[in-house]
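Taking it in order: structure first as structure tokens, then the write-up.
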Amino acid sequence: MNHPVVLIALQEFTLNRRNRWVSSFAVLFALLTFFIAYFGMVTAGYSGFQDFARTSTSLISLTGFLVPLFALMLTVFSFISNPEYLEMMVAQPVSRRQVIAGKYLGLVLTLLAATLLGFSVPGILISLVVGLEGALGYALVVLFSEVLGIVFTGCAVLLAQLARRRQIALGLAMALWLFFEVIYGLLVLGTTLYLPNAVLQSGLIVALAGNPIDIFRVLSLLVVGGAEFFGPAGAALLKLVGSQGVAVLIGSSLLLLWGAWPLFLSFRIFSRQNL
């Protein structure tokens, strides 16, 4: 295909594929996934590969920690490290929306390739040693992980448009990651302590919708089947809708919404910027 968006995306993917930092992340993620799958129950006196269900549950925290950070850093570096390349692309006979869409898709392809490598190698080993029981839940966790990465790729594109200087953009990216990983949970915890019981359930669901990492974790635990690990927000959502399938559908919709609005704002801002 000769569509400008496709050509820009393939070029972006090719450049990132040669990046040693991207390769290092893919290898590191695969090794960490392997260690979790093999040594996840060593404290219980058991060594060897866990099944897919236990591995999936153990991987949720690691994925929610690493994938957003990787997506933010990869995207911010791509947009900020070489502004002359972006200016050259804008000077070509393509629209600014096509430039942003092409770079975004190329970055998403890079993210998908790196994380899929990290999940697939241990997944193959688990299936050969333990079997395929729980493989569907594992596959859905992988899918939600990819969507989470896409969400933060869109957020990083927006940050790159708002902060043109590298130091500011990187600082904002780290602040955003730290906010959703740590600060948001502390704010929710402090707030819900003062909520009356009548509105506590609704407050927890609203708080869940405000953090894509929490949405990912609740969705992953829902599909894995770990009801005892849902946490208060996941339990409140399940109690409100009364069905695990409906809860997954609502959570998936919220995560997709998080992936859409930063990119929409990026299109509008970049179309009006004076490069």
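Order determines the names: the first chain of the structure tokens is A, the second B, and so forth; residues in each chain are numbered 1 upward, and ligands are numbered 1 upward as they are shown.
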Find the residues around range 213-224 of chain A up to 8 Å (only C-alpha atoms counted), leave out those fewer than 3 positions away in its own chain, and share them as a PyMOL selection string.
-> chain A and resi 53+56-57+60-61+64+134+137-138+140-141+144-145+148+180-181+208-209+227+229-231+233-234+244+248+251-252+254-255
Please save C-alpha atoms of the selected residues as a compact mmCIF listing (two decimals), in the first residue's frame.
# COMPACT_ATOMS: atom_id res chain seq x y z
CA ALA A 53 -3.76 -18.88 35.38
CA SER A 56 -1.24 -14.46 34.35
CA THR A 57 -2.12 -13.30 37.85
CA ILE A 60 -0.50 -8.31 35.87
CA SER A 61 1.48 -6.13 38.27
CA GLY A 64 0.99 -2.55 34.59
CA GLY A 134 -5.95 -21.19 31.33
CA GLY A 137 -7.14 -15.95 30.13
CA TYR A 138 -3.42 -15.51 29.46
CA LEU A 140 -6.72 -11.89 27.09
CA VAL A 141 -4.24 -10.47 29.60
CA PHE A 144 -5.36 -5.91 27.52
CA SER A 145 -1.63 -5.27 28.00
CA LEU A 148 -2.79 -0.40 27.85
CA PHE A 180 -1.08 6.73 37.71
CA GLU A 181 1.20 4.15 39.34
CA LEU A 208 -11.56 3.17 38.55
CA ALA A 209 -12.57 4.95 35.34
CA ALA A 227 -12.21 -12.98 42.26
CA PHE A 229 -7.83 -10.40 43.98
CA PHE A 230 -10.29 -7.96 42.41
CA GLY A 231 -9.76 -5.24 44.96
CA ALA A 233 -12.95 -1.14 42.72
CA GLY A 234 -13.25 -4.40 40.80
CA GLN A 244 -18.56 -10.74 34.79
CA VAL A 248 -15.42 -6.87 31.13
CA GLY A 251 -13.97 -2.00 31.44
CA SER A 252 -12.90 -2.61 27.84
CA LEU A 254 -13.35 2.60 29.28
CA LEU A 255 -9.87 1.47 28.24
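Nearest residue to Tyr184 in chain A among A:Pro196, A:Gly245, A:Gly210, A:Gly203 is A:Gly210, counting only C-alpha atoms.
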What does the distance from CA of Arg166 in chain A to CA of Pro212 in chain A come to in Å, to one decimal?
->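 The value is 24.8 Å.
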Could you pull out the helix (DSSP H, G or I) residues of range 29-161 of chain A, going by DSSP on the backbone, and write them as a compact mmCIF listing (two decimals) with C-alpha atoms, in the first residue's frame?
# COMPACT_ATOMS: atom_id res chain seq x y z
CA PHE A 29 10.42 -8.31 29.43
CA ALA A 30 10.70 -11.87 28.09
CA LEU A 31 13.23 -12.78 30.80
CA LEU A 32 11.11 -11.30 33.59
CA THR A 33 8.03 -13.12 32.28
CA PHE A 34 10.02 -16.36 32.15
CA PHE A 35 11.27 -15.93 35.74
CA ILE A 36 7.76 -15.18 37.00
CA ALA A 37 6.39 -18.23 35.20
CA TYR A 38 9.13 -20.52 36.54
CA PHE A 39 9.87 -19.16 40.02
CA VAL A 42 9.24 -20.82 44.92
CA THR A 43 8.18 -19.34 48.28
CA ALA A 44 5.62 -22.14 48.56
CA PHE A 52 -1.32 -20.07 32.70
CA ALA A 53 -3.76 -18.88 35.38
CA ARG A 54 -1.11 -18.40 38.09
CA THR A 55 1.36 -16.91 35.64
CA SER A 56 -1.24 -14.46 34.35
CA THR A 57 -2.12 -13.30 37.85
CA SER A 58 1.55 -12.81 38.69
CA LEU A 59 2.23 -10.91 35.46
CA ILE A 60 -0.50 -8.31 35.87
CA SER A 61 1.48 -6.13 38.27
CA LEU A 62 4.67 -6.37 36.20
CA THR A 63 2.83 -5.47 33.02
CA GLY A 64 0.99 -2.55 34.59
CA PHE A 65 4.35 -1.24 35.78
CA LEU A 66 6.59 -1.70 32.72
CA VAL A 67 4.38 -1.39 29.63
CA PRO A 68 3.13 2.18 30.33
CA LEU A 69 6.68 3.33 31.11
CA PHE A 70 8.03 1.79 27.91
CA ALA A 71 5.25 3.30 25.80
CA LEU A 72 5.77 6.77 27.28
CA MET A 73 9.55 6.78 26.88
CA LEU A 74 9.53 5.29 23.38
CA THR A 75 6.97 7.78 22.07
CA VAL A 76 8.40 10.89 23.69
CA PHE A 77 11.90 10.09 22.42
CA SER A 78 10.53 9.48 18.92
CA PHE A 79 8.83 12.88 18.76
CA ILE A 80 11.32 15.02 20.66
CA PRO A 83 12.34 17.55 15.54
CA GLU A 84 13.97 18.24 12.17
CA TYR A 85 12.64 14.92 10.86
CA LEU A 86 9.12 15.87 11.94
CA GLU A 87 9.44 19.26 10.24
CA MET A 88 10.63 17.55 7.06
CA MET A 89 7.62 15.22 7.13
CA VAL A 90 5.25 18.16 7.51
CA ALA A 91 6.85 19.84 4.48
CA ARG A 96 -0.42 16.88 9.48
CA ARG A 97 -3.03 14.40 10.63
CA GLN A 98 -1.46 11.79 8.36
CA VAL A 99 1.99 12.50 9.83
CA ILE A 100 0.74 12.06 13.40
CA ALA A 101 -1.32 9.00 12.49
CA GLY A 102 1.63 7.39 10.69
CA LYS A 103 4.09 7.94 13.51
CA TYR A 104 1.51 6.79 16.04
CA LEU A 105 0.80 3.57 14.16
CA GLY A 106 4.52 2.90 13.74
CA LEU A 107 5.06 3.33 17.46
CA VAL A 108 2.10 1.07 18.23
CA LEU A 109 3.55 -1.61 15.94
CA THR A 110 6.87 -1.33 17.77
CA LEU A 111 5.13 -1.66 21.13
CA LEU A 112 3.09 -4.66 19.98
CA ALA A 113 6.14 -6.45 18.62
CA ALA A 114 8.25 -5.88 21.76
CA THR A 115 5.57 -6.91 24.25
CA LEU A 116 4.36 -9.86 22.19
CA LEU A 117 7.91 -11.22 22.21
CA GLY A 118 7.98 -10.86 25.98
CA PHE A 119 4.71 -12.78 26.38
CA SER A 120 4.99 -15.36 23.61
CA VAL A 121 8.27 -17.09 24.46
CA PRO A 122 7.29 -17.97 28.07
CA GLY A 123 3.76 -18.75 26.86
CA ILE A 124 5.07 -21.35 24.43
CA LEU A 125 7.21 -22.94 27.14
CA ILE A 126 4.28 -23.08 29.57
CA SER A 127 2.05 -24.72 26.97
CA LEU A 128 4.69 -27.36 26.24
CA VAL A 129 5.42 -28.17 29.89
CA ALA A 135 -4.39 -20.16 28.01
CA LEU A 136 -7.42 -18.09 27.00
CA GLY A 137 -7.14 -15.95 30.13
CA TYR A 138 -3.42 -15.51 29.46
CA ALA A 139 -4.16 -14.43 25.88
CA LEU A 140 -6.72 -11.89 27.09
CA VAL A 141 -4.24 -10.47 29.60
CA VAL A 142 -1.80 -10.07 26.70
CA LEU A 143 -4.52 -8.31 24.69
CA PHE A 144 -5.36 -5.91 27.52
CA SER A 145 -1.63 -5.27 28.00
CA GLU A 146 -1.35 -4.23 24.37
CA VAL A 147 -4.35 -1.90 24.72
CA LEU A 148 -2.79 -0.40 27.85
CA GLY A 149 0.38 0.27 25.89
CA ILE A 150 -1.65 1.88 23.12
CA VAL A 151 -3.33 4.14 25.70
CA PHE A 152 -0.02 5.43 26.98
CA THR A 153 1.37 5.77 23.48
CA GLY A 154 -1.50 8.16 22.76
CA CYS A 155 -0.87 10.00 26.03
CA ALA A 156 2.81 10.39 25.13
CA VAL A 157 1.93 11.76 21.68
CA LEU A 158 -0.19 14.40 23.43
CA LEU A 159 2.60 15.24 25.88
CA ALA A 160 5.05 15.63 23.00
CA GLN A 161 2.72 18.19 21.41
Please measure the separation of CA of Val188 in chain A and CA of Gln201 in chain A, giving the value in Å to one decimal.
->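 Rounded to one decimal, the two atoms are 12.4 Å apart.
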